[in-house]
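Chemist: Provided herewith is a single structure, encoded as C-alpha cells, for subsequent inquiry.
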Amino acid sequence: MRVALTSLPAEPGQENEDFAAVAPGAAVLLDGASVAGAETGCVHGVAWFSSTLGGLLLGGITAHPAQSLTDCLADAIRDVRSFHEGTCDLTYRASPTSTVVAVRAGGGALDYLVLGDSTLLLADRDGKTTAVTDQRLDEVGERLREPVDQLPTGSAEHAAALAEYRDALTGLRNQPGGFWIAGPEPRAAEHALTGTVPLDSLTSVTLLSDGVTRLVDSFDLADWVRVLGVLSSSGPDELIRQVREAEAGDPDGRRWPRGKAHDDATVLHWVLS
C-alpha cells in the first residue's frame with residue numbers, strides 16, 4: 001500500500017475530532033461531531049468516540065473479511081456503546097456521533113461504506129472520478145440553516161442562530177426523513193451507502209472529511225479532477241493548505257457562509273497503481 005495521510009485540527013492546539021487509519025488492504029476515516037456548546041452526556045468526548053469507533057471498525061473489517069462493512073460498523077458501534085454506557089448518558093440528544101468512510105480490498109474488488117457527509121473519491125483508469133457522499137445531512141441542513149447563513153461567522157448573532165440550527169438538526173438525527181450517522185445505535189449502519197467496484201479499474205482511493213471537501217462543495221474553488229491533481233503532484237498537505245488559504249480570505253463567512261471559519265481537515269490518499 002502507498003498511502004499519504006494528513007489530519008489537522010481546525011485551530012492549532014485544538015483537539016482534532018477527525019480520525020483516519022490504515023491497515024493492509026483497508027482504510028477508515030471518521031469525522032466526530034456534537035452540538036457546539038452543548039453538553040454531550042459523555043465524559044469521554046467526541047475525539048474519543050471517533051477514534052475508538054474508528055479503531056474498532058478497522059480491526060473488524062480486517063479481521064473478518066467475509067463480514068459486510070455494514071455488519072462490521074454495527075458491531076463496532078455496539079462495542080463502543082458497551083465501553084461507556086455505564087458512565088455516560090447515551091440517550092442524550094447531543095451525545096457524540098461520527099461520520100464514517102470505510103474501504104476494504106479483497107478478492108479483486110473494493111468494498112466501500114459511507115455514512116454521513118464525509119466523502120470517498122474513486123479515480124479509475126479511464127480518468128473518471130466518482131465522489132460518494134451521503135447527502136442526507138446537507139439536504140436536511142438546507143431546510144434549516146437560512147437564518148445562520150445570513151449572519152457573519154464568528155458574531156454573537158451567528159453563534160446564537162447556529163446553536164438553534166444545530167439543536168433542530170439534532171432532533172432529526174437517525175430519524176426517518178432526517179439523516180443517519182454513527183452514534184449510540186447500531187441500526188444506523190443499515191442506512192449507510194455501500195458498494196463494490198473492481199479493484200483493477202481503480203488508480204486511487206481517497207477518503208476526505210468535510211473540512212477538506214468544502215474546497216469543492218462549498219467554496220467552488222476546485223473540482224474532483226483538480227483535487228486529485230493536487231494530491232498526485234503535492235500530496236494532502238498542499239490540498240489542506242489551499243483550504244486554509246481560502247478560509248483565511250473569508251474569515252467572517254460572507255463569501256462562503258459556513259458554521260465555523262475552520263474545521264478539522266483530514267485526507268487519506270491511497271494510490272493503487
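In the C-alpha cells, chains take letters A, B, ... by order of appearance, with residues numbered from 1 within each chain and ligands from 1 in the order shown.
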For the helix (DSSP H, G or I) assignment from backbone DSSP, which residues of stretch 84-195 of chain A qualify? Please present them as number ranges by chain.
Modeler: A: 84, 136-144, 146-149, 156-170, 186-191
Chemist: Can you list, as a ChimeraX atom specification, every protein, DNA or RNA residue that comes within 8 Å of stretch 156-166 of chain A when you count only C-alpha atoms, leaving out same-chain residues fewer than 2 positions away?
Modeler: /A:35-37,144-145,147-148,151-154,168-170,259
Chemist: What's around A:Ile181 at 6 Å? Count only C-alpha atoms, leave out sequence neighbours fewer than 3 positions away in its own chain, and write the answer as a PyMOL selection string.
Modeler: chain A and resi 99+115-116
Chemist: Kindly export the residues of the current selection with all heavy atoms, as a compact mmCIF listing (two decimals), in the first residue's frame.
Modeler:
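The new file selection.txt reads:
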# COMPACT_ATOMS: atom_id res chain seq x y z
N THR A 99 -19.29 10.72 11.36
CA THR A 99 -19.40 10.19 10.01
C THR A 99 -18.46 9.01 9.90
O THR A 99 -17.56 8.83 10.71
CB THR A 99 -19.01 11.24 8.95
OG1 THR A 99 -17.59 11.47 9.01
CG2 THR A 99 -19.74 12.56 9.17
N LEU A 115 -21.18 6.84 5.51
CA LEU A 115 -22.30 7.25 6.36
C LEU A 115 -22.00 8.66 6.86
O LEU A 115 -20.98 8.90 7.51
CB LEU A 115 -22.45 6.29 7.55
CG LEU A 115 -23.61 6.57 8.51
CD1 LEU A 115 -24.95 6.38 7.82
CD2 LEU A 115 -23.51 5.66 9.74
N GLY A 116 -22.88 9.61 6.56
CA GLY A 116 -22.62 10.99 6.92
C GLY A 116 -21.89 11.72 5.80
O GLY A 116 -21.63 11.16 4.73
Chemist: Per DSSP on the backbone, what are the strand (DSSP E) residues of stretch 15-221 of chain A, as an mmCIF file with C-alpha atoms, in the first residue's frame?
Modeler:
data_model
loop_
_atom_site.group_PDB
_atom_site.id
_atom_site.type_symbol
_atom_site.label_atom_id
_atom_site.label_comp_id
_atom_site.auth_asym_id
_atom_site.auth_seq_id
_atom_site.Cartn_x
_atom_site.Cartn_y
_atom_site.Cartn_z
ATOM 1 C CA ASP A 18 -11.304 13.541 12.920
ATOM 2 C CA PHE A 19 -9.740 10.085 12.867
ATOM 3 C CA ALA A 20 -8.139 8.171 9.997
ATOM 4 C CA ALA A 21 -6.125 4.963 9.885
ATOM 5 C CA VAL A 22 -4.970 2.248 7.500
ATOM 6 C CA ALA A 23 -4.205 -1.451 7.635
ATOM 7 C CA ALA A 26 -8.225 -1.345 4.343
ATOM 8 C CA ALA A 27 -8.741 2.236 5.479
ATOM 9 C CA VAL A 28 -11.189 4.257 7.564
ATOM 10 C CA LEU A 29 -11.921 7.935 8.115
ATOM 11 C CA LEU A 30 -14.305 9.340 10.715
ATOM 12 C CA ASP A 31 -15.340 12.930 11.456
ATOM 13 C CA GLY A 32 -16.627 13.267 15.001
ATOM 14 C CA ALA A 33 -19.484 15.635 15.723
ATOM 15 C CA THR A 97 -21.602 10.991 16.757
ATOM 16 C CA SER A 98 -19.347 10.493 13.762
ATOM 17 C CA THR A 99 -19.402 10.195 10.010
ATOM 18 C CA VAL A 100 -17.792 7.037 8.646
ATOM 19 C CA VAL A 101 -15.958 6.168 5.437
ATOM 20 C CA ALA A 102 -14.530 2.659 5.199
ATOM 21 C CA VAL A 103 -12.935 0.686 2.355
ATOM 22 C CA ARG A 104 -11.632 -2.861 2.112
ATOM 23 C CA ALA A 105 -9.833 -4.547 -0.782
ATOM 24 C CA GLY A 106 -10.094 -8.278 -1.311
ATOM 25 C CA ALA A 109 -12.805 -5.895 -5.506
ATOM 26 C CA LEU A 110 -13.020 -2.807 -3.331
ATOM 27 C CA ASP A 111 -15.945 -2.677 -0.914
ATOM 28 C CA TYR A 112 -16.902 0.719 0.462
ATOM 29 C CA LEU A 113 -19.226 2.260 3.042
ATOM 30 C CA VAL A 114 -20.111 5.925 3.532
ATOM 31 C CA LEU A 115 -22.295 7.251 6.364
ATOM 32 C CA THR A 119 -16.501 11.723 1.058
ATOM 33 C CA LEU A 120 -14.978 8.765 -0.759
ATOM 34 C CA LEU A 121 -13.278 9.733 -4.037
ATOM 35 C CA LEU A 122 -12.622 6.940 -6.540
ATOM 36 C CA ALA A 123 -10.328 7.515 -9.546
ATOM 37 C CA ASP A 124 -10.431 4.977 -12.363
ATOM 38 C CA THR A 129 -13.622 10.381 -10.827
ATOM 39 C CA THR A 130 -16.571 9.334 -8.681
ATOM 40 C CA ALA A 131 -17.335 11.045 -5.383
ATOM 41 C CA VAL A 132 -19.507 9.071 -2.978
ATOM 42 C CA THR A 133 -21.047 11.332 -0.356
ATOM 43 C CA LEU A 193 -24.270 3.956 1.393
ATOM 44 C CA THR A 194 -22.395 0.846 0.266
ATOM 45 C CA GLY A 195 -20.992 -0.541 -2.954
ATOM 46 C CA THR A 196 -18.352 -2.652 -4.662
ATOM 47 C CA VAL A 197 -16.076 -1.798 -7.605
ATOM 48 C CA PRO A 198 -13.449 -3.896 -9.427
ATOM 49 C CA LEU A 202 -9.052 1.989 -9.956
ATOM 50 C CA THR A 203 -5.877 4.046 -9.726
ATOM 51 C CA SER A 204 -6.509 5.624 -6.332
ATOM 52 C CA VAL A 205 -8.938 5.772 -3.423
ATOM 53 C CA THR A 206 -9.212 8.926 -1.316
ATOM 54 C CA LEU A 207 -11.070 9.477 1.946
ATOM 55 C CA LEU A 208 -11.805 13.102 2.905
#
Chemist: In terms of the shortest atom-to-atom distance over only C-alpha atoms, which of A:Ser233, A:Thr62, A:Gln67, A:Ser201 is closest to A:Gly127?
Modeler: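 For A:Gly127, the nearest of the given residues is A:Ser201.
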Chemist: Give me the residues near stretch 212-229 of chain A as a list of chain:residue names, where near means some atom within 7 Å (using only C-alpha atoms) and where sequence neighbours in that chain fewer than 5 positions away do not count.
Modeler: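 Skipping anything fewer than 5 positions along the chain leaves A:Thr129, A:Ile240, A:Val243, A:Trp256, A:Ala265, A:Thr266.
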Chemist: Store the residues picked out above, limited to N, CA and C atoms, as a compact mmCIF listing (two decimals), in the first residue's frame.
Modeler:
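Final output, saved to again19.txt:
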# COMPACT_ATOMS: atom_id res chain seq x y z
N THR A 129 -13.59 10.33 -12.29
CA THR A 129 -13.62 10.38 -10.83
C THR A 129 -15.07 10.25 -10.36
N ILE A 240 -4.78 20.63 1.89
CA ILE A 240 -5.29 21.28 3.09
C ILE A 240 -4.79 22.71 3.18
N VAL A 243 -7.14 24.82 1.30
CA VAL A 243 -8.38 25.03 2.05
C VAL A 243 -8.19 26.13 3.07
N TRP A 256 -18.55 32.69 1.68
CA TRP A 256 -18.96 31.30 1.79
C TRP A 256 -19.55 31.07 3.17
N ALA A 265 -9.55 18.95 9.31
CA ALA A 265 -9.38 18.60 7.90
C ALA A 265 -8.50 17.37 7.79
N THR A 266 -9.02 16.33 7.13
CA THR A 266 -8.29 15.06 7.02
C THR A 266 -8.39 14.51 5.61
Chemist: Counting only C-alpha atoms, what is within 12 Å of A:Pro176, bar same-chain residues fewer than 6 positions away, as a ChimeraX atom specification?
Modeler: /A:136,140,188,191
Chemist: For A:Cys72, find every residue with an atom within 10 Å (counting only C-alpha atoms), except residues of its own chain fewer than 4 positions away, and show them as a PyMOL selection string.
Modeler: chain A and resi 56-65+67-68+76-78+186+189
Chemist: Could those selected residues go to a file with N, CA, C and O atoms, as a compact mmCIF listing (two decimals), in the first residue's frame?
Modeler:
# COMPACT_ATOMS: atom_id res chain seq x y z
N LEU A 56 -11.84 0.31 16.26
CA LEU A 56 -12.58 -0.95 16.31
C LEU A 56 -13.09 -1.35 14.93
O LEU A 56 -13.06 -2.54 14.56
N LEU A 57 -13.54 -0.38 14.15
CA LEU A 57 -14.04 -0.68 12.82
C LEU A 57 -12.92 -1.20 11.93
O LEU A 57 -13.10 -2.20 11.21
N LEU A 58 -11.76 -0.55 11.95
CA LEU A 58 -10.65 -1.00 11.13
C LEU A 58 -10.23 -2.42 11.53
O LEU A 58 -9.95 -3.27 10.67
N GLY A 59 -10.18 -2.67 12.83
CA GLY A 59 -9.85 -4.02 13.28
C GLY A 59 -10.86 -5.05 12.83
O GLY A 59 -10.51 -6.16 12.42
N GLY A 60 -12.14 -4.67 12.86
CA GLY A 60 -13.19 -5.60 12.46
C GLY A 60 -13.17 -5.93 10.99
O GLY A 60 -13.34 -7.09 10.59
N ILE A 61 -12.97 -4.92 10.14
CA ILE A 61 -13.04 -5.18 8.70
C ILE A 61 -11.82 -5.93 8.19
O ILE A 61 -11.88 -6.58 7.15
N THR A 62 -10.71 -5.87 8.93
CA THR A 62 -9.54 -6.65 8.54
C THR A 62 -9.57 -8.06 9.13
O THR A 62 -9.14 -9.02 8.51
N ALA A 63 -10.09 -8.18 10.34
CA ALA A 63 -10.14 -9.49 11.00
C ALA A 63 -11.23 -10.39 10.44
O ALA A 63 -11.13 -11.62 10.53
N HIS A 64 -12.27 -9.78 9.86
CA HIS A 64 -13.41 -10.56 9.37
C HIS A 64 -13.70 -10.21 7.91
O HIS A 64 -14.69 -9.54 7.60
N PRO A 65 -12.86 -10.65 7.00
CA PRO A 65 -13.00 -10.25 5.59
C PRO A 65 -14.30 -10.73 4.92
O PRO A 65 -14.71 -10.15 3.91
N GLN A 67 -17.22 -10.67 6.43
CA GLN A 67 -18.34 -9.94 7.02
C GLN A 67 -18.53 -8.62 6.27
O GLN A 67 -17.56 -7.95 5.91
N SER A 68 -19.76 -8.23 6.02
CA SER A 68 -20.02 -6.98 5.30
C SER A 68 -19.54 -5.79 6.11
O SER A 68 -19.48 -5.83 7.35
N ALA A 76 -18.99 -2.51 15.61
CA ALA A 76 -18.10 -1.52 16.24
C ALA A 76 -18.90 -0.52 17.07
O ALA A 76 -18.49 -0.16 18.17
N ILE A 77 -20.04 -0.08 16.55
CA ILE A 77 -20.90 0.84 17.31
C ILE A 77 -21.37 0.16 18.59
O ILE A 77 -21.37 0.77 19.67
N ARG A 78 -21.74 -1.10 18.47
CA ARG A 78 -22.22 -1.85 19.63
C ARG A 78 -21.11 -1.98 20.69
O ARG A 78 -21.35 -1.82 21.89
N PRO A 186 -26.58 0.89 16.86
CA PRO A 186 -26.01 0.11 15.76
C PRO A 186 -26.86 0.12 14.49
O PRO A 186 -26.33 -0.03 13.39
N ALA A 189 -26.03 1.85 11.03
CA ALA A 189 -25.17 1.26 10.00
C ALA A 189 -25.97 0.74 8.81
O ALA A 189 -25.48 0.74 7.67
Chemist: Calculated over only C-alpha atoms, which of the candidates A:Ser50, A:Arg254, A:Cys88, A:Val3 has the smallest distance to A:Ser273?
Modeler: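 Of the candidates, the smallest distance to A:Ser273 is held by A:Val3.
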Chemist: Which is closer to A:Val80 than all the others in A:Ala47, A:Glu146, A:Gly108, A:Pro184, using only C-alpha atoms?
Modeler: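 Checking each candidate against A:Val80, we get A:Pro184 as the closest.
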Chemist: Atom CA of A:Asn174 and atom CA of A:Gly55 are how many Å apart?
Modeler: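 Atom CA of A:Gly55 lies 22.4 Å from atom CA of A:Asn174.
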Chemist: A:Asp126, A:Glu139, A:His262, A:Gly86: which is nearest A:Gln14, counting only C-alpha atoms?
Modeler: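 Ranked by minimum distance to A:Gln14, first place goes to A:His262.
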